[in-house]
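Q: Here you go, query_15.txt (compact mmCIF, C-alpha atoms):
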```txt
# COMPACT_ATOMS: atom_id res chain seq x y z
CA MET A 1 -101.25 262.63 137.50
CA SER A 2 -99.69 259.16 137.76
CA VAL A 3 -98.11 257.99 140.97
CA PHE A 4 -95.78 255.88 138.88
CA GLN A 5 -92.78 257.07 136.88
CA ILE A 6 -92.72 254.99 133.75
CA GLU A 7 -89.58 254.33 131.72
CA GLU A 8 -89.92 252.52 128.44
CA LYS A 9 -86.93 250.70 127.02
CA PRO A 10 -86.69 248.13 124.21
CA SER A 11 -88.69 245.10 125.40
CA VAL A 12 -88.87 246.50 128.96
CA VAL A 13 -91.13 248.84 130.89
CA VAL A 14 -89.82 250.01 134.25
CA LEU A 15 -92.37 251.37 136.71
CA LYS A 16 -90.84 253.37 139.53
CA CYS A 17 -93.30 252.86 142.34
CA PRO A 18 -94.29 255.49 144.91
CA GLU A 19 -93.30 255.36 148.56
CA ASN A 20 -96.68 254.04 149.64
CA LEU A 21 -98.18 251.34 147.46
CA ASP A 22 -101.78 251.75 148.42
CA VAL A 23 -104.97 250.67 146.79
CA LYS A 24 -105.06 253.80 144.63
CA ALA A 25 -101.63 252.95 143.19
CA ALA A 26 -102.65 249.36 142.67
CA HIS A 27 -105.79 250.37 140.76
CA GLU A 28 -103.74 252.70 138.60
CA LEU A 29 -101.64 249.69 137.69
CA LEU A 30 -104.75 247.89 136.51
CA ASP A 31 -105.69 250.87 134.33
CA LEU A 32 -102.22 250.84 132.83
CA VAL A 33 -102.35 247.15 132.12
CA LYS A 34 -105.53 247.56 130.05
CA GLU A 35 -103.44 249.57 127.57
CA TRP A 36 -100.33 247.42 127.82
CA VAL A 37 -102.02 244.14 126.96
CA LYS A 38 -102.83 245.61 123.55
CA LYS A 39 -99.10 245.68 122.79
CA PRO A 40 -97.25 243.95 125.59
CA VAL A 41 -93.47 244.00 126.03
CA LYS A 42 -91.42 241.13 127.35
CA LEU A 43 -90.69 242.51 130.84
CA TYR A 44 -92.50 244.76 133.27
CA ALA A 45 -90.19 245.65 136.12
CA LEU A 46 -91.69 247.22 139.24
CA ASP A 47 -88.95 249.31 140.84
CA PHE A 48 -89.50 249.29 144.60
CA ALA A 49 -86.46 251.46 145.42
CA LYS A 50 -88.64 254.15 147.02
CA VAL A 51 -91.38 251.90 148.38
CA THR A 52 -91.58 251.72 152.16
CA THR A 53 -95.09 250.34 152.64
CA ILE A 54 -97.41 248.02 150.72
CA ASP A 55 -101.07 248.16 151.63
CA VAL A 56 -102.56 244.68 151.95
CA VAL A 57 -105.61 245.76 149.96
CA ALA A 58 -103.21 246.30 147.04
CA TYR A 59 -102.40 242.59 146.93
CA ARG A 60 -105.33 241.56 144.78
CA PRO A 61 -104.80 244.26 142.14
CA PHE A 62 -101.15 243.14 141.97
CA MET A 63 -102.28 239.60 141.31
CA LEU A 64 -104.64 240.72 138.56
CA PHE A 65 -101.87 242.86 137.07
CA HIS A 66 -99.54 239.88 137.04
CA GLN A 67 -102.15 237.50 135.60
CA ALA A 68 -103.15 239.86 132.79
CA LEU A 69 -99.59 240.39 131.61
CA LYS A 70 -98.54 236.77 132.05
CA LYS A 71 -101.49 235.75 129.88
CA HIS A 72 -99.96 237.84 127.10
CA GLY A 73 -96.53 236.28 127.46
CA SER A 74 -94.94 239.03 129.53
CA TYR A 75 -92.78 238.61 132.59
CA VAL A 76 -93.38 240.68 135.75
CA ALA A 77 -90.63 241.23 138.27
CA THR A 78 -89.91 243.46 141.22
CA ILE A 79 -86.51 245.03 141.66
CA ASN A 80 -84.78 246.90 144.51
CA LEU A 81 -87.11 245.45 147.11
CA ARG A 82 -86.13 246.25 150.70
CA ASP A 83 -85.50 243.26 152.98
CA SER A 84 -88.39 244.22 155.27
CA LEU A 85 -90.82 244.35 152.35
CA ALA A 86 -89.39 241.14 150.93
CA LEU A 87 -90.54 239.41 154.13
CA GLN A 88 -93.97 240.94 153.77
CA VAL A 89 -94.20 239.89 150.12
CA LYS A 90 -93.24 236.35 151.02
CA ALA A 91 -95.61 236.15 153.96
CA GLY A 92 -98.42 237.50 151.79
CA GLY A 93 -97.86 234.78 149.17
CA LEU A 94 -96.82 237.34 146.57
CA ASP A 95 -93.40 235.86 145.70
CA SER A 96 -94.60 234.30 142.50
CA VAL A 97 -96.66 237.41 141.61
CA LEU A 98 -93.96 240.00 142.21
CA SER A 99 -90.91 237.76 141.46
CA PRO A 100 -88.37 239.78 143.42
CA LYS A 101 -85.04 240.18 141.60
CA LYS A 102 -81.84 241.85 142.68
CA ASP A 103 -81.78 244.46 139.91
CA LEU A 104 -82.95 245.14 136.37
CA ASP A 105 -80.16 243.03 134.82
CA ASP A 106 -81.23 240.09 136.94
CA ALA A 107 -84.86 240.60 135.92
CA MET A 108 -83.84 240.73 132.24
CA VAL A 109 -81.95 237.46 132.60
CA SER A 110 -85.02 235.83 134.15
CA ALA A 111 -87.18 237.19 131.33
CA GLY A 112 -84.82 235.72 128.77
CA LEU A 113 -83.77 239.12 127.48
CA LYS A 114 -80.17 238.81 128.52
CA THR A 115 -77.64 236.13 129.21
CA GLU A 116 -75.65 236.36 132.38
CA GLN A 117 -72.94 238.76 131.20
CA LYS A 118 -71.23 238.66 134.57
CA ALA A 119 -70.67 234.98 134.08
CA ALA A 120 -68.59 235.76 130.97
CA SER A 121 -65.93 237.47 133.06
CA GLN A 122 -66.00 234.60 135.50
CA PHE A 123 -65.76 232.04 132.72
CA ASP A 124 -62.88 229.71 133.32
CA MET A 125 -59.94 231.74 131.95
CA GLU A 126 -57.76 228.76 132.76
CA LEU A 127 -59.57 227.06 129.85
CA LEU A 128 -59.88 230.09 127.57
CA THR A 129 -56.37 231.52 127.80
CA PRO A 130 -54.62 228.61 126.04
CA PHE A 131 -57.09 228.94 123.16
CA ILE A 132 -56.56 232.69 122.91
CA ASN A 133 -52.79 232.18 122.84
CA ALA A 134 -53.14 229.41 120.25
CA VAL A 135 -55.33 231.50 117.92
CA LYS A 136 -52.77 234.30 117.93
CA SER A 137 -49.75 232.13 117.27
CA THR A 138 -51.46 229.98 114.64
CA ILE A 139 -52.90 232.80 112.55
CA GLU A 140 -49.84 235.03 112.87
CA ILE A 141 -47.15 232.36 112.41
CA GLN A 142 -48.69 229.80 110.04
CA ALA A 143 -51.07 232.11 108.21
CA ASN A 144 -48.84 235.23 108.24
CA THR A 145 -51.86 237.32 109.17
CA LYS A 146 -51.87 240.06 111.79
CA ILE A 147 -54.86 239.88 114.09
CA SER A 148 -56.23 241.58 117.15
CA ILE A 149 -58.19 239.51 119.64
CA GLY A 150 -61.15 240.99 121.49
CA SER A 151 -62.43 240.15 124.96
CA PRO A 152 -64.22 236.83 125.33
CA ARG A 153 -67.95 237.19 125.82
CA LEU A 154 -70.95 234.93 126.11
CA LYS A 155 -72.78 234.11 122.90
CA GLU A 156 -76.27 235.61 123.03
CA PRO A 157 -79.26 233.33 122.45
CA ASP A 158 -80.12 233.36 118.72
CA GLU A 159 -76.93 235.31 117.98
CA ARG A 160 -75.86 234.99 114.35
CA PHE A 161 -72.35 235.47 112.99
CA SER A 162 -71.90 235.54 109.23
CA THR A 163 -70.21 232.18 108.68
CA ASP A 164 -69.46 230.67 105.28
CA ILE A 165 -67.00 228.04 106.51
CA ALA A 166 -66.37 226.56 109.93
CA GLY A 167 -64.00 224.04 111.44
CA VAL A 168 -65.60 222.15 114.32
CA ILE A 169 -63.99 219.83 116.83
CA SER A 170 -65.23 217.94 119.88
CA MET A 171 -63.40 218.30 123.14
CA ALA A 172 -63.26 215.60 125.79
CA SER A 173 -61.19 216.04 128.92
CA SER A 174 -61.18 215.21 132.61
CA LYS A 175 -62.66 218.64 133.48
CA TYR A 176 -64.83 219.73 130.55
CA SER A 177 -66.48 218.31 127.46
CA GLY A 178 -68.05 220.14 124.55
CA SER A 179 -67.19 221.61 121.19
CA ILE A 180 -65.07 224.28 119.61
CA ALA A 181 -65.79 226.03 116.33
CA LEU A 182 -63.66 228.30 114.16
CA CYS A 183 -66.05 230.43 112.10
CA PHE A 184 -65.12 232.49 109.06
CA PRO A 185 -66.92 234.67 106.54
CA ALA A 186 -65.65 233.85 103.04
CA THR A 187 -63.67 237.09 102.57
CA VAL A 188 -61.71 236.60 105.79
CA PHE A 189 -61.07 232.91 105.11
CA LEU A 190 -59.81 233.63 101.62
CA LEU A 191 -57.45 236.36 102.91
CA ILE A 192 -56.00 233.98 105.49
CA TYR A 193 -55.69 231.22 102.89
CA SER A 194 -53.94 233.59 100.52
CA ASN A 195 -51.51 234.69 103.24
CA MET A 196 -50.85 231.09 104.26
CA LEU A 197 -50.28 229.59 100.83
CA GLY A 198 -49.65 232.52 98.52
CA GLU A 199 -52.67 231.56 96.40
CA LYS A 200 -55.51 233.98 95.71
CA HIS A 201 -58.96 232.46 95.34
CA THR A 202 -62.27 234.22 94.81
CA GLU A 203 -64.40 231.51 96.35
CA ILE A 204 -64.08 228.67 98.80
CA THR A 205 -63.67 225.32 97.04
CA ARG A 206 -63.03 221.70 98.02
CA GLU A 207 -59.37 222.37 97.42
CA THR A 208 -59.20 225.26 99.87
CA GLU A 209 -61.75 224.33 102.47
CA ASP A 210 -59.62 222.01 104.57
CA ALA A 211 -57.51 224.96 105.64
CA ALA A 212 -60.28 225.72 108.13
CA GLY A 213 -59.82 222.26 109.62
CA GLU A 214 -56.03 222.55 109.61
CA LEU A 215 -56.09 225.93 111.38
CA LEU A 216 -58.43 224.53 114.03
CA ASN A 217 -56.21 221.45 114.28
CA MET A 218 -53.25 223.67 115.12
CA ILE A 219 -55.19 225.84 117.56
CA PHE A 220 -56.62 222.81 119.32
CA GLY A 221 -53.26 221.03 119.41
CA GLN A 222 -51.49 223.95 121.06
CA ALA A 223 -54.26 224.61 123.56
CA LYS A 224 -54.44 220.90 124.35
CA ALA A 225 -50.70 220.78 125.00
CA GLU A 226 -50.86 223.71 127.40
CA LEU A 227 -53.93 222.35 129.20
CA ASN A 228 -52.41 218.89 129.51
CA ASN A 229 -48.80 219.77 130.17
CA TYR A 230 -49.46 222.40 132.84
CA LYS A 231 -53.03 221.98 134.08
CA ASN A 232 -53.74 218.23 134.00
CA TYR A 233 -56.83 218.50 131.82
CA ASP A 234 -56.18 215.23 129.98
CA VAL A 235 -57.73 216.62 126.79
CA GLN A 236 -58.13 213.82 124.25
CA ARG A 237 -56.95 213.98 120.66
CA ALA A 238 -59.59 214.81 118.07
CA ILE A 239 -59.83 215.39 114.34
CA PRO A 240 -61.75 218.45 113.14
CA ALA A 241 -64.67 218.45 110.72
CA ILE A 242 -65.28 221.17 108.13
CA VAL A 243 -68.66 222.66 107.32
CA ARG A 244 -69.09 224.88 104.30
CA GLY A 245 -72.15 226.77 103.09
CA GLN A 246 -73.69 230.19 103.26
CA GLN A 247 -74.84 231.89 106.43
CA LEU A 248 -74.14 228.84 108.51
CA HIS A 249 -75.32 228.75 112.09
CA VAL A 250 -73.15 226.84 114.53
CA HIS A 251 -75.22 225.23 117.23
CA HIS A 252 -73.33 223.66 120.10
CA LEU A 253 -74.95 220.68 121.76
CA SER A 254 -73.29 221.19 125.14
CA ARG A 255 -75.60 222.38 127.91
CA GLY A 256 -72.97 224.97 128.82
CA MET A 257 -73.15 228.43 127.29
CA ALA A 258 -70.88 229.25 124.35
CA VAL A 259 -68.08 231.76 124.77
CA VAL A 260 -67.08 233.79 121.73
CA ILE A 261 -63.51 234.91 121.18
CA PRO A 262 -63.81 237.68 118.56
CA VAL A 263 -60.84 238.18 116.23
CA GLN A 264 -60.26 241.07 113.85
CA THR A 265 -58.26 240.94 110.60
CA ASP A 266 -57.72 243.43 107.79
CA ALA A 267 -60.49 241.71 105.84
CA GLY A 268 -62.93 241.68 108.74
CA PRO A 269 -63.73 239.54 111.75
CA PHE A 270 -63.82 235.84 112.43
CA GLN A 271 -64.49 234.10 115.71
CA VAL A 272 -63.75 231.11 117.85
CA GLU A 273 -66.65 229.62 119.80
CA ILE A 274 -66.06 227.41 122.81
CA SER A 275 -69.00 225.62 124.40
CA VAL A 276 -68.22 223.23 127.22
CA GLU A 277 -69.77 221.90 130.38
CA PRO A 278 -68.08 220.48 133.46
CA VAL A 279 -67.67 216.72 133.45
CA MET B 280 -22.87 213.49 99.37
CA ALA B 281 -26.52 213.83 98.47
CA GLY B 282 -28.25 217.17 97.96
CA TYR B 283 -31.95 217.73 98.50
CA ALA B 284 -32.57 217.38 94.76
CA GLU B 285 -31.37 213.78 94.85
CA LEU B 286 -33.68 212.65 97.62
CA ARG B 287 -37.16 211.25 97.24
CA PHE B 288 -39.61 212.68 99.75
CA LEU B 289 -42.98 211.38 100.89
CA VAL B 290 -45.28 213.96 102.52
CA VAL B 291 -48.02 212.42 104.64
CA ASP B 292 -50.94 214.46 106.04
CA ASP B 293 -54.71 214.05 105.86
CA MET B 294 -55.08 217.80 105.24
CA LEU B 295 -54.42 218.98 101.68
CA THR B 296 -53.55 222.45 102.96
CA MET B 297 -50.70 221.16 105.10
CA ARG B 298 -49.38 218.90 102.34
CA LYS B 299 -49.25 222.01 100.13
CA ILE B 300 -47.43 224.06 102.75
CA ILE B 301 -44.82 221.35 103.34
CA THR B 302 -44.39 220.74 99.61
CA GLN B 303 -43.81 224.46 99.07
CA GLN B 304 -41.22 224.48 101.85
CA LEU B 305 -39.44 221.45 100.38
CA LYS B 306 -39.39 222.90 96.88
CA GLY B 307 -37.94 226.08 98.33
CA LEU B 308 -35.06 224.00 99.64
CA GLY B 309 -34.42 222.44 96.24
CA VAL B 310 -36.34 219.19 96.62
CA THR B 311 -37.64 217.99 93.25
CA MET B 312 -39.04 214.52 93.95
CA ILE B 313 -42.08 214.78 96.22
CA ALA B 314 -45.00 212.39 96.55
CA GLU B 315 -48.02 212.79 98.81
CA ALA B 316 -50.19 210.50 100.88
CA ASN B 317 -53.27 211.44 102.89
CA ASP B 318 -52.89 208.75 105.56
CA GLY B 319 -50.36 206.38 107.11
CA THR B 320 -51.88 203.39 105.32
CA VAL B 321 -51.58 205.09 101.93
CA ALA B 322 -48.04 206.13 102.81
CA TRP B 323 -47.12 202.52 103.63
CA ASP B 324 -48.52 201.37 100.28
CA ASN B 325 -46.50 204.08 98.56
CA LEU B 326 -43.36 202.97 100.38
CA GLU B 327 -43.87 199.38 99.24
CA LYS B 328 -44.56 200.32 95.63
CA ALA B 329 -41.63 202.71 95.43
CA ALA B 330 -39.26 200.12 96.89
CA ALA B 331 -40.56 197.49 94.49
CA ALA B 332 -39.94 199.87 91.59
CA GLY B 333 -36.37 200.40 92.75
CA GLN B 334 -37.02 204.00 93.69
CA PRO B 335 -37.32 203.97 97.46
CA TYR B 336 -38.18 207.03 99.49
CA HIS B 337 -35.35 208.56 101.46
CA PHE B 338 -37.33 210.93 103.61
CA ILE B 339 -40.82 210.89 105.15
CA VAL B 340 -42.41 214.09 106.48
CA SER B 341 -45.54 213.08 108.35
CA ASP B 342 -48.37 214.44 110.48
CA TRP B 343 -49.33 212.59 113.67
CA ASN B 344 -53.11 212.63 113.78
CA MET B 345 -54.63 210.84 110.77
CA PRO B 346 -57.81 208.75 110.55
CA GLU B 347 -56.65 205.27 109.50
CA MET B 348 -53.00 205.08 110.55
CA LYS B 349 -51.39 207.76 112.68
CA GLY B 350 -47.97 209.15 111.87
CA ILE B 351 -46.51 207.69 115.05
CA ASP B 352 -47.73 204.24 114.00
CA LEU B 353 -46.27 204.71 110.51
CA LEU B 354 -42.97 205.63 112.17
CA LYS B 355 -43.05 202.54 114.38
CA LYS B 356 -43.90 200.35 111.41
CA CYS B 357 -41.01 201.77 109.40
CA ARG B 358 -38.53 201.31 112.24
CA ALA B 359 -39.70 197.72 112.72
CA SER B 360 -39.23 196.94 109.04
CA SER B 361 -35.89 195.77 107.66
CA SER B 362 -36.69 197.59 104.40
CA TYR B 363 -37.59 201.02 105.81
CA LYS B 364 -35.93 201.16 109.23
CA ASP B 365 -33.40 203.71 108.04
CA VAL B 366 -35.75 206.06 106.22
CA ALA B 367 -35.36 209.64 107.49
CA PHE B 368 -38.50 210.62 109.40
CA LEU B 369 -39.66 214.10 110.39
CA LEU B 370 -42.93 214.46 112.31
CA VAL B 371 -44.73 217.78 111.61
CA THR B 372 -47.64 217.90 113.94
CA ALA B 373 -49.96 219.92 116.13
CA GLU B 374 -49.44 217.34 118.90
CA ALA B 375 -47.17 219.30 121.20
CA GLU B 376 -47.34 217.50 124.52
CA ALA B 377 -44.16 216.47 126.25
CA THR B 378 -45.38 212.87 126.47
CA GLN B 379 -45.95 212.72 122.73
CA VAL B 380 -42.57 214.17 121.85
CA LYS B 381 -41.04 211.59 124.15
CA GLU B 382 -43.04 208.79 122.53
CA ALA B 383 -41.83 209.89 119.10
CA ILE B 384 -38.20 209.99 120.20
CA VAL B 385 -38.47 206.55 121.75
CA ALA B 386 -40.04 205.32 118.50
CA GLY B 387 -37.03 206.58 116.57
CA VAL B 388 -38.13 209.86 114.98
CA ASP B 389 -35.27 211.91 113.58
CA ASN B 390 -36.84 215.24 114.44
CA TYR B 391 -40.13 216.90 115.39
CA VAL B 392 -41.72 220.17 114.18
CA ILE B 393 -44.67 221.54 116.10
CA LYS B 394 -47.37 223.41 114.17
CA PRO B 395 -47.61 226.32 113.68
CA PHE B 396 -44.10 226.67 112.33
CA THR B 397 -42.10 229.28 110.49
CA PRO B 398 -40.20 228.39 107.30
CA GLN B 399 -36.98 228.90 109.25
CA ALA B 400 -37.97 226.43 111.97
CA PHE B 401 -38.93 223.84 109.36
CA GLN B 402 -35.66 224.34 107.49
CA GLU B 403 -33.61 223.97 110.64
CA LYS B 404 -35.27 220.75 111.74
CA LEU B 405 -35.15 219.22 108.26
CA GLY B 406 -31.58 220.39 107.81
CA ALA B 407 -30.49 218.72 111.03
CA ILE B 408 -31.77 215.37 109.74
CA PHE B 409 -30.27 215.98 106.31
CA THR B 410 -26.86 216.59 107.84
CA LYS B 411 -27.05 213.59 110.14
CA ARG B 412 -28.44 211.10 107.62
CA PHE B 413 -27.02 212.27 104.34
CA GLY B 414 -23.97 214.27 105.33
CA GLY B 415 -25.45 217.34 103.69
CA LYS B 416 -24.71 220.98 104.44
```
Do you think you could lay out the structure here as structure tokens?

A:
Amino acid sequence: MSVFQIEEKPSVVVLKCPENLDVKAAHELLDLVKEWVKKPVKLYALDFAKVTTIDVVAYRPFMLFHQALKKHGSYVATINLRDSLALQVKAGGLDSVLSPKKDLDDAMVSAGLKTEQKAASQFDMELLTPFINAVKSTIEIQANTKISIGSPRLKEPDERFSTDIAGVISMASSKYSGSIALCFPATVFLLIYSNMLGEKHTEITRETEDAAGELLNMIFGQAKAELNNYKNYDVQRAIPAIVRGQQLHVHHLSRGMAVVIPVQTDAGPFQVEISVEPV
Amino acid sequence: MAGYAELRFLVVDDMLTMRKIITQQLKGLGVTMIAEANDGTVAWDNLEKAAAAGQPYHFIVSDWNMPEMKGIDLLKKCRASSSYKDVAFLLVTAEAEATQVKEAIVAGVDNYVIKPFTPQAFQEKLGAIFTKRFGGK
């Protein structure tokens, strides 16, 4: 019977370790790894919540465990490590082998499986709020379209949103620089266009496409006014560009992460993406 | 006393969508003579040609942010010109900062509409100029 409790999740295996990590436990790890390398997952997290002692003779098997999985592109981390054991791990030169992390979320971020979701809530709402307000007033007043705005969240790596037309604008200010994109699927864009101008179209054309730029122009202008008038951002004027195609992917060049403001309409969702970095 | 139908309007905006929206609003008010320009430089050319043809524009409705010549610069150029200094000028723009509104007032704008706007807000601002400049009701 295994001394480890194993939990398998998508892309993650969590091994709940026994109270005493002795050589027997360490050798069992090596037996497990022989199977795992045949079909490795991205992250192996050793949960040390119950561990009170680590036998020094277990060090070498841990190193072999780590090497075998790393060779196959997996990431090994330790979570819930007690402070006393953390000192022992460090003194034994096992920091890079066991990669202690605060918790499973932290380990998943290090393994590239998750972005830092906590950071989304700490994202500068001073910057985001004017844009949220501007989206609501622009779409509801100028485009006569009722919307509901969801909570801002970080854009996941490789996240795709079905975009057939986007307005994109650069932002330069005394506090942040980056880019803002207004991304629409065709059906949503055409509903908004119809509500704004009273014209029904079945596809996006050269005649209709600049509405995406004009909507972004209005959103940016309002947000800029609020940021400059009340928060001394000194946001510079800019003229939006329009990109039209099928299944577009907006890639922001800023080193900062992109925040998505999801918006729901009767015809479906669209979104605003804001990607900035401090100046 | 002139009515809207007797006035020649020039709508200036680099975005076709906004020119359409403004044109619709103007037609709703009874305006029948509307020309469009997609930049301040084109608008200036139009002003010159219309004046030369003896059919000058009475009213300009212009955006602020345009690639070649901004609306504020078109306004300043009109006010500095003996031929166009008295043309009615309404700025319709997403530029909403206090400093910009002030700059436009100093430059001699008749009124200022901030996007997004409702038809009522547009009518009110245009109507105020119409009353002041043309004695309309």

Q: Please return as JSON, numbers by chain every residue within 6 Å of (-62.4, 223.7, 113.9), taking into account only C-alpha atoms and the file's own coordinates.

A: {"A": [167, 168, 169, 181, 182, 213, 216, 240]}

Q: Which residue out of A:Ala45, A:Ile139, A:Ile242, A:Leu227 has the minimum interatomic distance to A:Met196 when all atoms listed in the file are used?

A: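 Using all atoms listed in the file, the shortest distance to A:Met196 belongs to A:Ile139.
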
Q: Which is closer to chain A than all the others in B:Ala284, B:Leu305, B:Ile384, B:Ala377, using all atoms listed in the file?

A: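 Closest residue, counting all atoms listed in the file: B:Ala377.
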
Q: Residues of chain B within 8 Å of chain A, counting all atoms listed in the file, what are they? List them as a ChimeraX atom specification.

A: /B:294-297,299-300,344-346,373-377,394-397

Q: Figure out the distance between atom CA of A:Ala68 and atom CA of A:Glu28, please, to one decimal in Å.

A: 14.1 Å

Q: Set the distance at 7 Å and use all atoms listed in the file: which residues neighbour B:Val371 once local chain neighbours fewer than 3 positions away are removed? I'd like the list as a PDB file with C-alpha atoms, in the frame of the given file.

A:
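Saved result, part.pdb, follows:
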```pdb
ATOM      1  CA  VAL B 340     -42.410 214.090 106.480  1.00  0.00           C
ATOM      2  CA  SER B 341     -45.540 213.080 108.350  1.00  0.00           C
ATOM      3  CA  ASP B 342     -48.370 214.440 110.480  1.00  0.00           C
ATOM      4  CA  TYR B 391     -40.130 216.900 115.390  1.00  0.00           C
ATOM      5  CA  VAL B 392     -41.720 220.170 114.180  1.00  0.00           C
ATOM      6  CA  ILE B 393     -44.670 221.540 116.100  1.00  0.00           C
ATOM      7  CA  LYS B 394     -47.370 223.410 114.170  1.00  0.00           C
TER       8      LYS B 394
END
```

Q: Name the residues, using the chain letters and numbers of the file, that sit within 6 Å of (-58.2, 235.2, 115.0) when counting all atoms listed in the file, and give them as a PyMOL selection string.

A: chain A and resi 135+147+263

Q: Can you measure atom CA of A:Ile274 to atom CA of A:Thr187 for me? One decimal in Å is fine.

A: 22.6 Å

Q: Atom CA of A:Tyr75 and atom CA of A:Asp105 are how many Å apart?

A: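 We find that atom CA of A:Tyr75 and atom CA of A:Asp105 lie 13.6 Å from each other.
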
Q: Find the residue from B:Pro398, B:Phe409, B:Asp365, B:Lys328 that sits nearest to B:Thr302; use all atoms listed in the file when measuring.

A: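 Ranked by minimum distance to B:Thr302, first place goes to B:Pro398.
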
Q: I'd like the neighbourhood of A:Lys34 as an MDAnalysis selection string, where a residue qualifies if any of its atoms comes within 10 Å (using only C-alpha atoms), though same-chain residues fewer than 3 positions away should be ignored.

A: chainID A and resid 29:31 37:39 65 68:69

Q: When distances are computed from only C-alpha atoms, which of A:Lys114, A:Arg160, A:Arg82, A:Lys16 shows the smallest separation from A:Lys42?

A: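 Looking only at the distances to A:Lys42, the closest residue turns out to be A:Lys114.
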
Q: Would you pick out the contacts of B:Met312 at 12 Å or less, using all atoms listed in the file, so that residues sharing its chain but fewer than 6 positions from it are not included, and give the list as number ranges by chain?

A: B: 282-290, 302, 305-306, 334-339

Q: Just the residues within 7 Å of A:Lys175, please, counting only C-alpha atoms, with nothing from its chain fewer than 4 positions along; format it as a list of chain:residue names.

A: A:Tyr233, A:Pro278, A:Val279

Q: So which residues touch B:Asp352 within 10 Å, counting only C-alpha atoms, skipping near sequence neighbours fewer than 2 positions away, as a PDB file with C-alpha atoms, in the coordinates of the input?

A:
```pdb
ATOM      1  CA  GLY B 319     -50.360 206.380 107.110  1.00  0.00           C
ATOM      2  CA  THR B 320     -51.880 203.390 105.320  1.00  0.00           C
ATOM      3  CA  TRP B 343     -49.330 212.590 113.670  1.00  0.00           C
ATOM      4  CA  ASN B 344     -53.110 212.630 113.780  1.00  0.00           C
ATOM      5  CA  MET B 348     -53.000 205.080 110.550  1.00  0.00           C
ATOM      6  CA  LYS B 349     -51.390 207.760 112.680  1.00  0.00           C
ATOM      7  CA  GLY B 350     -47.970 209.150 111.870  1.00  0.00           C
ATOM      8  CA  LEU B 354     -42.970 205.630 112.170  1.00  0.00           C
ATOM      9  CA  LYS B 355     -43.050 202.540 114.380  1.00  0.00           C
ATOM     10  CA  LYS B 356     -43.900 200.350 111.410  1.00  0.00           C
ATOM     11  CA  CYS B 357     -41.010 201.770 109.400  1.00  0.00           C
ATOM     12  CA  ARG B 358     -38.530 201.310 112.240  1.00  0.00           C
ATOM     13  CA  ALA B 383     -41.830 209.890 119.100  1.00  0.00           C
ATOM     14  CA  ALA B 386     -40.040 205.320 118.500  1.00  0.00           C
TER      15      ALA B 386
END
```

Q: Build an axis-aligned box that encloses every atom of stretch 363-378 of chain B listed in the file, pad it by 5 Å on each side, and report its centre and edge lengths in Å to one decimal, as lines of an AutoDock Vina configuration file.

A:
```
center_x = -41.7
center_y = 210.5
center_z = 116.1
size_x = 26.6
size_y = 28.9
size_z = 30.7
```
